[in-house]
>>> print(open('entry-v9.txt').read())   # compact mmCIF, C-alpha atoms and all ligand atoms
# COMPACT_ATOMS: atom_id res chain seq x y z
CA MET A 212 -4.16 41.00 -22.58
CA LEU A 213 -5.57 38.40 -20.35
CA SER A 214 -7.07 35.64 -22.40
CA PHE A 215 -10.49 34.38 -21.39
CA ARG A 216 -8.99 31.14 -20.26
CA ARG A 217 -6.40 32.84 -18.08
CA ALA A 218 -9.06 35.09 -16.66
CA LEU A 219 -11.02 31.99 -15.71
CA VAL A 220 -8.02 30.45 -14.06
CA ALA A 221 -7.36 33.67 -12.20
CA ALA A 222 -10.97 33.74 -11.11
CA ALA A 223 -10.73 30.16 -9.97
CA PHE A 224 -7.66 30.95 -7.89
CA PHE A 225 -9.35 33.96 -6.46
CA ILE A 226 -12.31 31.89 -5.35
CA THR A 227 -9.99 29.27 -3.94
CA VAL A 228 -8.16 31.88 -1.91
CA ILE A 229 -11.40 33.24 -0.49
CA PHE A 230 -12.57 29.75 0.20
CA LEU A 231 -9.37 28.78 1.99
CA THR A 232 -9.25 31.96 4.01
CA THR A 233 -12.88 31.79 4.94
CA ARG A 234 -12.55 28.20 5.88
CA SER A 235 -9.48 28.61 8.00
CA SER A 236 -10.91 31.56 9.87
CA SER A 237 -14.08 29.76 10.86
CA PRO A 238 -13.91 28.27 14.34
CA PRO A 239 -12.40 24.78 14.48
CA PRO A 240 -15.08 22.14 14.84
CA SER A 241 -14.24 21.28 18.41
CA GLU A 242 -16.85 18.68 19.03
CA ALA A 243 -18.51 16.09 16.89
CA PRO A 244 -22.29 16.34 16.75
CA GLU A 245 -23.36 16.12 20.35
CA SER A 246 -25.14 12.89 20.91
CA PHE A 247 -23.42 9.87 19.52
CA PRO A 248 -25.44 6.99 20.91
CA ARG A 249 -23.37 4.28 22.41
CA ALA A 250 -21.63 1.96 20.04
CA GLN A 251 -19.63 -1.00 21.21
CA ALA A 252 -16.35 -0.31 22.86
CA TYR A 253 -13.50 -0.57 20.49
CA SER A 254 -10.69 -2.95 20.91
CA ASP A 255 -7.64 -1.95 22.82
CA SER A 256 -5.33 -4.03 20.78
CA PHE A 257 -4.39 -1.13 18.58
CA LYS A 258 -4.27 1.37 21.32
CA LYS A 259 -0.54 1.70 21.33
CA ALA A 260 -0.19 1.86 17.60
CA ALA A 261 -3.21 4.07 17.34
CA THR A 262 -2.09 6.55 19.94
CA THR A 263 1.32 6.70 18.43
CA ALA A 264 0.01 6.95 14.96
CA ALA A 265 -2.55 9.55 15.87
CA ALA A 266 -0.01 11.66 17.67
CA ASP A 267 2.35 11.40 14.78
CA HIS A 268 -0.19 11.36 12.10
CA ASN A 269 1.60 13.85 9.99
CA PRO A 270 0.85 14.60 6.43
CA LEU A 271 3.75 14.63 4.02
CA HIS A 272 4.66 18.15 4.87
CA GLY A 273 4.78 18.68 8.58
CA GLY A 274 2.71 18.51 11.74
CA PRO A 275 -0.98 17.90 12.12
CA SER A 276 -1.77 21.59 11.82
CA ARG A 277 -0.66 21.42 8.23
CA HIS A 278 -3.67 19.24 7.62
CA ARG A 279 -5.55 22.48 7.71
CA PRO A 280 -5.87 24.77 4.74
CA SER A 281 -3.18 27.41 4.69
CA GLN A 282 -4.03 30.63 6.47
CA SER A 283 -2.81 32.91 3.77
CA GLY A 284 -4.00 30.89 0.83
CA GLN A 285 -0.49 31.29 -0.54
CA GLN A 286 -0.54 27.80 -1.98
CA ALA A 287 -2.74 29.19 -4.70
CA MET A 288 0.35 30.71 -6.26
CA GLN A 289 1.98 27.37 -6.92
CA ASP A 290 2.62 26.30 -10.45
CA MET A 291 0.38 23.28 -10.65
CA SER A 292 1.91 21.93 -13.82
CA LYS A 293 5.13 20.92 -12.03
CA LEU A 294 3.46 18.94 -9.27
CA SER A 295 2.95 15.20 -9.27
CA LEU A 296 -0.63 14.08 -9.62
CA ASN A 297 -0.74 13.11 -5.97
CA ASP A 298 0.52 16.56 -4.94
CA LYS A 299 -1.93 18.30 -7.24
CA LEU A 300 -4.74 16.40 -5.60
CA ALA A 301 -3.39 17.22 -2.15
CA TYR A 302 -3.35 20.86 -3.10
CA GLN A 303 -6.78 20.80 -4.66
CA PHE A 304 -8.44 18.80 -1.90
CA PRO A 305 -6.65 19.54 1.37
CA TYR A 306 -7.20 17.06 4.16
CA ASP A 307 -8.31 18.46 7.47
CA VAL A 308 -8.63 15.63 9.94
CA GLU A 309 -10.24 17.93 12.51
CA ALA A 310 -13.09 18.94 10.25
CA ARG A 311 -16.44 17.29 10.73
CA PHE A 312 -17.51 14.41 8.56
CA PRO A 313 -19.54 16.16 5.85
CA ALA A 314 -23.25 15.32 5.98
CA TYR A 315 -23.47 13.95 2.45
CA ILE A 316 -24.73 10.60 1.22
CA TRP A 317 -23.63 9.79 -2.31
CA GLN A 318 -25.11 7.00 -4.38
CA THR A 319 -25.05 6.25 -8.09
CA TRP A 320 -27.52 4.49 -10.33
CA LYS A 321 -28.78 4.44 -13.88
CA TRP A 322 -31.91 6.30 -12.81
CA THR A 323 -32.79 8.81 -10.14
CA PRO A 324 -35.49 8.15 -7.54
CA ALA A 325 -37.70 10.56 -9.52
CA GLN A 326 -37.77 8.20 -12.50
CA SER A 327 -40.24 5.32 -12.74
CA GLN A 328 -37.51 2.81 -13.60
CA PHE A 329 -35.82 3.41 -10.27
CA ASP A 330 -36.05 0.11 -8.44
CA PHE A 331 -34.27 0.74 -5.14
CA ARG A 332 -36.78 3.00 -3.47
CA GLU A 333 -36.95 0.94 -0.32
CA GLN A 334 -33.18 0.80 0.12
CA GLU A 335 -32.72 4.44 -0.78
CA ALA A 336 -35.36 5.55 1.72
CA THR A 337 -33.52 3.93 4.62
CA TRP A 338 -30.59 6.29 4.09
CA THR A 339 -32.81 9.34 4.22
CA GLU A 340 -34.71 8.03 7.24
CA GLN A 341 -31.55 7.26 9.19
CA HIS A 342 -29.88 10.56 8.30
CA PRO A 343 -32.19 13.53 8.74
CA GLY A 344 -30.42 16.73 7.77
CA PHE A 345 -27.98 15.01 5.41
CA VAL A 346 -27.80 15.90 1.75
CA HIS A 347 -28.60 12.68 -0.11
CA GLU A 348 -27.81 12.46 -3.81
CA VAL A 349 -28.43 9.63 -6.25
CA ILE A 350 -26.26 10.47 -9.21
CA THR A 351 -26.73 9.19 -12.75
CA ASP A 352 -24.00 8.68 -15.32
CA ASP A 353 -24.76 11.95 -17.06
CA VAL A 354 -24.79 13.95 -13.88
CA ALA A 355 -21.61 12.25 -12.70
CA VAL A 356 -19.73 13.55 -15.74
CA HIS A 357 -20.92 17.11 -15.13
CA LEU A 358 -20.11 16.96 -11.47
CA LEU A 359 -16.63 15.61 -12.11
CA ARG A 360 -15.98 18.27 -14.74
CA LEU A 361 -16.63 20.86 -12.07
CA LEU A 362 -14.76 19.19 -9.24
CA TYR A 363 -11.73 18.10 -11.25
CA ALA A 364 -11.47 21.01 -13.69
CA SER A 365 -7.99 21.80 -12.43
CA VAL A 366 -6.79 18.19 -12.65
CA PRO A 367 -7.86 17.33 -16.20
CA GLU A 368 -5.95 14.05 -16.32
CA VAL A 369 -8.33 12.64 -13.71
CA LEU A 370 -11.29 13.54 -15.87
CA GLU A 371 -9.59 12.11 -18.94
CA ALA A 372 -9.09 8.84 -17.09
CA TYR A 373 -12.70 8.72 -15.93
CA LEU A 374 -13.98 9.27 -19.46
CA ALA A 375 -11.59 6.67 -20.86
CA LEU A 376 -12.62 3.83 -18.55
CA PRO A 377 -14.24 1.25 -20.81
CA LEU A 378 -16.80 -0.34 -18.43
CA PRO A 379 -19.59 1.20 -16.36
CA VAL A 380 -18.42 -0.83 -13.38
CA LEU A 381 -14.96 0.76 -13.56
CA LYS A 382 -16.52 4.20 -13.72
CA ALA A 383 -18.80 3.37 -10.79
CA ASP A 384 -15.82 2.26 -8.71
CA PHE A 385 -13.77 5.31 -9.66
CA PHE A 386 -16.65 7.70 -9.02
CA ARG A 387 -16.95 6.78 -5.35
CA TYR A 388 -13.28 7.55 -4.69
CA LEU A 389 -13.52 10.77 -6.68
CA ILE A 390 -16.58 12.12 -4.93
CA LEU A 391 -15.28 11.25 -1.46
CA LEU A 392 -11.87 12.77 -2.19
CA ALA A 393 -13.47 15.99 -3.37
CA ARG A 394 -16.43 16.27 -1.04
CA GLY A 395 -16.29 13.59 1.66
CA GLY A 396 -19.32 12.08 3.34
CA ILE A 397 -20.72 8.61 2.84
CA TYR A 398 -20.71 6.65 -0.37
CA SER A 399 -22.92 3.58 -0.48
CA ASP A 400 -24.00 1.30 -3.33
CA ILE A 401 -27.62 1.79 -4.31
CA ASP A 402 -28.53 -1.75 -3.23
CA THR A 403 -27.68 -1.19 0.43
CA TYR A 404 -30.01 -0.53 3.31
CA ALA A 405 -28.90 1.73 6.14
CA ILE A 406 -29.61 -0.20 9.33
CA ARG A 407 -28.11 2.36 11.67
CA SER A 408 -27.19 6.00 11.34
CA ALA A 409 -23.61 6.77 10.41
CA LEU A 410 -23.50 8.89 13.56
CA ASP A 411 -23.33 5.55 15.40
CA TRP A 412 -20.66 3.90 13.27
CA ILE A 413 -17.61 5.15 15.13
CA PRO A 414 -17.30 3.95 18.72
CA GLU A 415 -18.20 6.64 21.22
CA THR A 416 -14.73 6.53 22.77
CA VAL A 417 -13.02 7.58 19.53
CA PRO A 418 -12.74 11.36 19.02
CA ARG A 419 -14.23 12.31 15.66
CA GLU A 420 -11.63 14.98 15.11
CA GLN A 421 -8.95 12.31 14.92
CA ILE A 422 -10.68 10.11 12.35
CA GLY A 423 -10.89 10.72 8.61
CA LEU A 424 -11.86 7.38 7.12
CA VAL A 425 -14.27 4.60 8.16
CA ILE A 426 -14.13 1.28 6.35
CA GLY A 427 -15.59 -2.20 6.71
CA ILE A 428 -14.46 -5.73 6.00
CA GLU A 429 -15.86 -7.55 3.00
CA ALA A 430 -14.15 -10.87 3.48
CA ASP A 431 -12.09 -12.63 6.11
CA PRO A 432 -11.89 -16.17 4.75
CA ASP A 433 -10.10 -18.10 7.44
CA ARG A 434 -9.56 -21.32 5.51
CA PRO A 435 -6.60 -22.76 3.65
CA ASP A 436 -8.18 -22.53 0.20
CA TRP A 437 -9.14 -18.86 0.59
CA LYS A 438 -7.28 -18.02 -2.60
CA ASP A 439 -9.80 -19.98 -4.61
CA TRP A 440 -12.46 -17.57 -3.45
CA TYR A 441 -10.94 -14.21 -2.68
CA SER A 442 -8.18 -12.05 -4.06
CA ARG A 443 -6.90 -11.05 -0.61
CA ARG A 444 -6.82 -12.78 2.76
CA ILE A 445 -8.58 -9.76 4.26
CA GLN A 446 -10.57 -7.74 1.81
CA PHE A 447 -11.90 -4.32 2.74
CA CYS A 448 -15.21 -3.44 1.17
CA GLN A 449 -15.83 -0.40 -0.97
CA TRP A 450 -19.62 -0.60 -1.30
CA THR A 451 -19.88 1.63 1.76
CA ILE A 452 -17.19 4.13 2.80
CA GLN A 453 -17.24 7.20 5.01
CA SER A 454 -14.53 9.82 4.75
CA LYS A 455 -13.54 13.40 5.15
CA PRO A 456 -12.49 15.14 1.95
CA GLY A 457 -8.87 14.85 0.90
CA HIS A 458 -8.05 11.67 2.84
CA PRO A 459 -4.61 10.40 1.71
CA VAL A 460 -5.98 6.91 0.94
CA LEU A 461 -8.50 8.39 -1.49
CA ARG A 462 -5.85 10.62 -3.01
CA GLU A 463 -3.59 7.64 -3.58
CA ILE A 464 -6.27 5.46 -5.15
CA VAL A 465 -7.40 8.26 -7.45
CA ALA A 466 -3.81 8.94 -8.52
CA ARG A 467 -3.15 5.22 -9.00
CA ILE A 468 -6.26 4.58 -11.11
CA THR A 469 -5.66 7.72 -13.17
CA ASP A 470 -2.06 6.76 -13.92
CA ALA A 471 -2.90 3.16 -14.76
CA THR A 472 -5.80 4.18 -16.97
CA LEU A 473 -3.89 6.78 -18.93
CA ARG A 474 -0.91 4.47 -19.33
CA ARG A 475 -3.16 1.81 -20.80
CA LYS A 476 -5.02 4.32 -22.91
CA ARG A 477 -1.75 5.45 -24.51
CA ALA A 478 -0.68 1.85 -24.96
CA GLY A 479 -4.04 0.99 -26.49
CA SER A 480 -4.66 -1.77 -23.96
CA LEU A 481 -7.54 -0.27 -22.03
CA ARG A 482 -10.20 -2.30 -23.79
CA ALA A 483 -8.52 -5.42 -22.49
CA VAL A 484 -9.65 -4.67 -18.94
CA ASN A 485 -12.51 -7.12 -18.64
CA ASP A 486 -14.91 -7.96 -15.84
CA LYS A 487 -12.37 -10.26 -14.28
CA GLY A 488 -9.82 -7.48 -14.06
CA VAL A 489 -12.10 -5.06 -12.26
CA ILE A 490 -11.27 -6.24 -8.76
CA GLU A 491 -7.60 -5.43 -9.26
CA PHE A 492 -8.00 -2.39 -11.48
CA THR A 493 -10.47 -0.30 -9.48
CA GLY A 494 -12.17 -2.69 -7.08
CA PRO A 495 -11.71 -4.11 -3.60
CA ALA A 496 -8.27 -5.68 -4.24
CA LEU A 497 -6.72 -2.33 -5.16
CA TRP A 498 -8.66 -0.63 -2.36
CA THR A 499 -7.38 -3.17 0.16
CA ASP A 500 -3.77 -2.94 -1.03
CA ILE A 501 -3.73 0.83 -0.82
CA ILE A 502 -5.17 0.81 2.70
CA PHE A 503 -2.51 -1.61 3.91
CA GLU A 504 0.21 0.46 2.21
CA TYR A 505 -1.12 3.50 4.06
CA PHE A 506 -1.06 1.70 7.41
CA ASN A 507 2.61 0.88 6.87
CA ASP A 508 3.68 4.16 5.32
CA ASP A 509 6.25 6.04 7.39
CA ARG A 510 5.23 9.30 5.77
CA TYR A 511 2.04 9.07 7.79
CA PHE A 512 2.89 6.90 10.77
CA ASP A 513 5.85 6.75 13.07
CA MET A 514 6.76 3.14 12.41
CA SER A 515 9.57 3.17 14.96
CA LYS A 516 6.98 3.36 17.73
CA SER A 517 4.69 0.75 16.25
CA PRO A 518 4.67 -2.80 17.68
CA GLY A 519 5.13 -4.16 14.17
CA PRO A 520 3.88 -4.06 10.62
CA ILE A 521 0.16 -4.16 9.97
CA ASP A 522 -1.27 -6.84 7.74
CA TYR A 523 -4.31 -9.13 7.56
CA GLN A 524 -3.41 -10.74 10.89
CA ASN A 525 -4.30 -7.53 12.70
CA PHE A 526 -7.87 -7.63 11.39
CA THR A 527 -8.77 -11.28 11.12
CA GLY A 528 -11.59 -12.50 13.33
CA MET A 529 -12.20 -9.12 14.93
CA ASP A 530 -15.68 -8.41 16.28
CA VAL A 531 -15.28 -4.84 17.50
CA ALA A 532 -14.03 -1.78 15.66
CA LYS A 533 -10.30 -1.14 15.50
CA ARG A 534 -8.53 2.09 14.94
CA VAL A 535 -5.26 2.64 13.12
CA GLY A 536 -4.21 6.27 13.19
CA ASP A 537 -7.02 8.23 11.55
CA VAL A 538 -8.79 5.14 10.18
CA VAL A 539 -11.54 3.14 11.88
CA VAL A 540 -11.91 -0.42 10.61
CA LEU A 541 -15.30 -1.92 11.42
CA PRO A 542 -15.77 -5.67 11.94
CA ILE A 543 -17.29 -7.78 9.18
CA THR A 544 -20.72 -7.64 10.85
CA SER A 545 -20.95 -3.87 10.32
CA PHE A 546 -21.12 -3.74 6.53
CA SER A 547 -21.67 -7.45 5.77
CA PRO A 548 -24.15 -8.72 8.35
CA GLY A 549 -26.14 -11.85 7.68
CA VAL A 550 -23.72 -13.45 5.20
CA LYS A 551 -23.60 -16.51 7.46
CA GLN A 552 -19.87 -16.97 7.18
CA MET A 553 -16.52 -15.58 8.27
CA GLY A 554 -17.88 -14.69 11.68
CA ALA A 555 -20.44 -12.18 10.43
CA LYS A 556 -23.38 -11.79 12.79
CA GLU A 557 -27.01 -11.16 11.93
CA TYR A 558 -28.82 -7.98 10.88
CA ASP A 559 -30.12 -7.35 14.38
CA ASP A 560 -26.63 -7.30 15.90
CA PRO A 561 -25.80 -3.89 17.40
CA MET A 562 -22.70 -3.72 15.18
CA ALA A 563 -24.73 -4.30 11.95
CA PHE A 564 -24.80 -0.91 10.21
CA VAL A 565 -25.70 -1.57 6.56
CA LYS A 566 -27.19 -4.46 4.63
CA HIS A 567 -25.79 -5.00 1.17
CA ASP A 568 -27.84 -6.97 -1.32
CA PHE A 569 -25.21 -7.62 -3.99
CA GLU A 570 -27.94 -7.23 -6.59
CA GLY A 571 -28.34 -3.84 -8.11
CA THR A 572 -24.85 -3.34 -9.30
CA TRP A 573 -23.39 -2.82 -12.69
CA LYS A 574 -21.07 -5.69 -12.13
CA PRO A 575 -21.87 -9.25 -13.00
CA GLU A 576 -22.54 -10.84 -9.67
CA SER A 577 -20.06 -13.63 -10.13
CA GLU A 578 -17.22 -11.28 -10.92
CA ARG A 579 -18.02 -8.56 -8.49
CA HIS A 580 -18.01 -10.67 -5.42
CA ILE A 581 -16.18 -13.79 -6.26
CA GLY A 582 -16.83 -16.37 -3.61
CA GLN A 583 -19.66 -14.55 -1.97
CA THR A 584 -21.51 -17.85 -1.85
CA TYR A 585 -18.71 -19.99 -0.48
C1 LIG B 1 -0.07 -7.07 13.83
O1 LIG B 1 -0.11 -8.46 14.08
C2 LIG B 1 1.16 -9.08 14.09
C3 LIG B 1 0.93 -10.57 14.25
O2 LIG B 1 0.06 -10.87 15.29
C4 LIG B 1 2.01 -8.50 15.21
O3 LIG B 1 3.29 -9.07 15.23
C5 LIG B 1 2.11 -7.00 15.00
O4 LIG B 1 2.79 -6.43 16.08
C6 LIG B 1 0.74 -6.37 14.88
N1 LIG B 1 0.90 -4.97 14.54
C7 LIG B 1 0.42 -4.00 15.33
C8 LIG B 1 0.68 -2.61 14.88
O5 LIG B 1 -0.20 -4.21 16.37
>>> encode(input="entry-v9.txt", output="structure tokens", more="lines below")
Ligand SMILES: *[C@@H]1O[C@H](CO)[C@@H](O)[C@H](O)[C@H]1NC(C)=O
Amino acid sequence: MLSFRRALVAAAFFITVIFLTTRSSSPPPSEAPESFPRAQAYSDSFKKAATTAAADHNPLHGGPSRHRPSQSGQQAMQDMSKLSLNDKLAYQFPYDVEARFPAYIWQTWKWTPAQSQFDFREQEATWTEQHPGFVHEVITDDVAVHLLRLLYASVPEVLEAYLALPLPVLKADFFRYLILLARGGIYSDIDTYAIRSALDWIPETVPREQIGLVIGIEADPDRPDWKDWYSRRIQFCQWTIQSKPGHPVLREIVARITDATLRRKRAGSLRAVNDKGVIEFTGPALWTDIIFEYFNDDRYFDMSKSPGPIDYQNFTGMDVAKRVGDVVVLPITSFSPGVKQMGAKEYDDPMAFVKHDFEGTWKPESERHIGQTY
């Protein structure tokens, strides 16, 4: 007889099949929302690499069409237990580069806007004002756990890792990758103001159906002693990220954090991850490394047609958006305007999209953004 548990699993598969079939039979989203007001032209310097990469932007298993959920839903028959974590995630959260960017805004904080202790009303309101029609959620710790239990029920090791993380800041970092991998949309720290609508973030000339991830630059310290201040020569920020669900960069970072966390849990060394270790463990250093690995990964890009490897040199000093394959990298002004250094322009610059206060975070200021005051 079918046990209750097996019945549940069967039911889950059944729903997945319906979901996949329904999704794949709906008309492809041919056009991005109609009126994208003019953003600045994006640099040509990546054109060659970008065109190549976009044309050859294949997922692990075949041509771009395989980015789409399978027509038959046959994947549902796979034995999940034999897959690697990365493959399980790919199966659970398929990446469809041609889908629209989901109209979600995700934020996390200790309180919700409905509670009197909530102290980011002004910031939070800017996101709603700039994004009419978007679903905007401010998620507390408790709610985050419930949500992740639902989203990651079939990948329990991810949930185990989330619950095992010893610091709220690690959980907050992990949560943003998890929610974007599963649902897509925009994640932004609670202490950020939206200056311009996300509909304006990607340059008008870039087709939305070829882009799955939009990131900004946190730091571009062009000085010999940069190592005293930053962990990477170019550091991508993770206080604001836009993505479509299932993006391979998100999959990789979730798999990486899960593996590292569970390894340390088993070894009993998880408690040793202190505030200083956050940047490398879940924060912008890991985020930056994984993005660069992706840019140079021949599973995703045809490196033979690329003018060369991609590293910090390709992003330093840039003041317009650049595209690499299905990723748009915004200049430092976009997510870090007004920092009065590293070439960042002011809040009223047309490329300034969000304003980040570096205040209302769970992280000690000094650790979270080492060198922010340099
Ligand atoms: C990145 O920059 C380096 C150094 O300027 C260059 O050699 C390389 O070709 C660039 N890569 C791409 C893909 O444009």
>>> axis_aligned_box(input="entry-v9.txt", around="ligand LIG 1 (chain B)", padding_each_side="6 Å", output="lines of an AutoDock Vina configuration file")
center_x = 1.5
center_y = -6.7
center_z = 15.1
size_x = 15.5
size_y = 20.3
size_z = 14.5
>>> closest_residue(input="entry-v9.txt", among="A:Asn525, A:Gln552, A:Gln446, A:Thr323", to="ligand LIG 1 (chain B)", atoms="all atoms listed in the file")
A:Asn525
>>> atom_distance(input="entry-v9.txt", atom1="atom CA of Thr469 of chain A", atom2="atom CA of Lys487 of chain A")
19.2 Å
>>> atom_distance(input="entry-v9.txt", atom1="atom CA of Thr451 of chain A", atom2="atom CA of Phe304 of chain A")
21.0 Å
>>> closest_residue(input="entry-v9.txt", among="A:Leu541, A:Met514, A:Leu294, A:Leu359", to="ligand LIG 1 (chain B)", atoms="all atoms listed in the file")
A:Met514
>>> residues_around(input="entry-v9.txt", residues="Tyr315 of chain A", least_positions_apart="4", cutoff="8 Å", atoms="all atoms listed in the file", output="number ranges by chain")
A: 345-348, 395-397
>>> closest_residue(input="entry-v9.txt", among="A:Arg444, A:Lys533, A:Lys566, A:Arg462", to="ligand LIG 1 (chain B)", atoms="all atoms listed in the file")
A:Lys533
>>> closest_residue(input="entry-v9.txt", among="A:Glu371, A:Asp568, A:Asp522, A:Asp307", to="ligand LIG 1 (chain B)", atoms="all atoms listed in the file")
A:Asp522
>>> closest_residue(input="entry-v9.txt", among="A:Pro432, A:Pro548, A:Gly519, A:Pro305", to="ligand LIG 1 (chain B)", atoms="only C-alpha atoms and all ligand atoms")
A:Gly519
>>> decode(input="entry-v9.txt", residues="segment 530-537 of chain A", atoms="all heavy atoms", output="short mmCIF file (atom, residue, chain, number, x, y, z; two decimals), in the first residue's frame")
data_model
loop_
_atom_site.label_atom_id
_atom_site.label_comp_id
_atom_site.auth_asym_id
_atom_site.auth_seq_id
_atom_site.Cartn_x
_atom_site.Cartn_y
_atom_site.Cartn_z
N ASP A 530 31.32 52.94 -16.95
CA ASP A 530 30.23 53.82 -16.53
C ASP A 530 28.93 53.61 -17.31
O ASP A 530 27.99 54.39 -17.17
CB ASP A 530 30.66 55.29 -16.51
CG ASP A 530 31.21 55.72 -17.85
OD1 ASP A 530 31.08 54.94 -18.81
OD2 ASP A 530 31.75 56.84 -17.94
N VAL A 531 28.92 52.56 -18.12
CA VAL A 531 27.63 52.13 -18.71
C VAL A 531 27.50 50.63 -18.48
O VAL A 531 28.49 49.96 -18.16
CB VAL A 531 27.56 52.42 -20.23
CG1 VAL A 531 27.47 53.90 -20.50
CG2 VAL A 531 28.74 51.80 -20.95
N ALA A 532 26.30 50.13 -18.63
CA ALA A 532 26.08 48.70 -18.39
C ALA A 532 26.82 47.85 -19.41
O ALA A 532 27.02 48.26 -20.55
CB ALA A 532 24.59 48.39 -18.44
N LYS A 533 27.26 46.68 -18.97
CA LYS A 533 27.88 45.72 -19.88
C LYS A 533 27.12 44.42 -19.80
O LYS A 533 26.59 44.07 -18.75
CB LYS A 533 29.33 45.47 -19.48
CG LYS A 533 30.27 46.56 -19.93
CD LYS A 533 31.71 46.16 -19.66
CE LYS A 533 32.64 47.24 -20.19
NZ LYS A 533 34.05 46.93 -19.93
N ARG A 534 27.16 43.72 -20.91
CA ARG A 534 26.47 42.45 -20.94
C ARG A 534 27.45 41.32 -21.22
O ARG A 534 28.29 41.44 -22.11
CB ARG A 534 25.42 42.50 -22.05
CG ARG A 534 24.78 41.18 -22.30
CD ARG A 534 23.83 41.28 -23.45
NE ARG A 534 23.45 39.93 -23.84
CZ ARG A 534 22.73 39.66 -24.91
NH1 ARG A 534 22.33 40.64 -25.70
NH2 ARG A 534 22.43 38.42 -25.20
N VAL A 535 27.35 40.26 -20.47
CA VAL A 535 28.12 39.05 -20.77
C VAL A 535 27.13 37.91 -20.85
O VAL A 535 26.55 37.50 -19.85
CB VAL A 535 29.15 38.74 -19.67
CG1 VAL A 535 29.99 37.53 -20.06
CG2 VAL A 535 30.03 39.93 -19.37
N GLY A 536 26.90 37.42 -22.05
CA GLY A 536 25.92 36.34 -22.20
C GLY A 536 24.56 36.78 -21.69
O GLY A 536 24.01 37.78 -22.14
N ASP A 537 24.04 36.06 -20.71
CA ASP A 537 22.71 36.39 -20.19
C ASP A 537 22.77 37.22 -18.91
O ASP A 537 21.83 37.25 -18.14
CB ASP A 537 21.92 35.10 -19.95
CG ASP A 537 22.55 34.25 -18.86
OD1 ASP A 537 23.73 34.45 -18.55
OD2 ASP A 537 21.85 33.38 -18.30
#
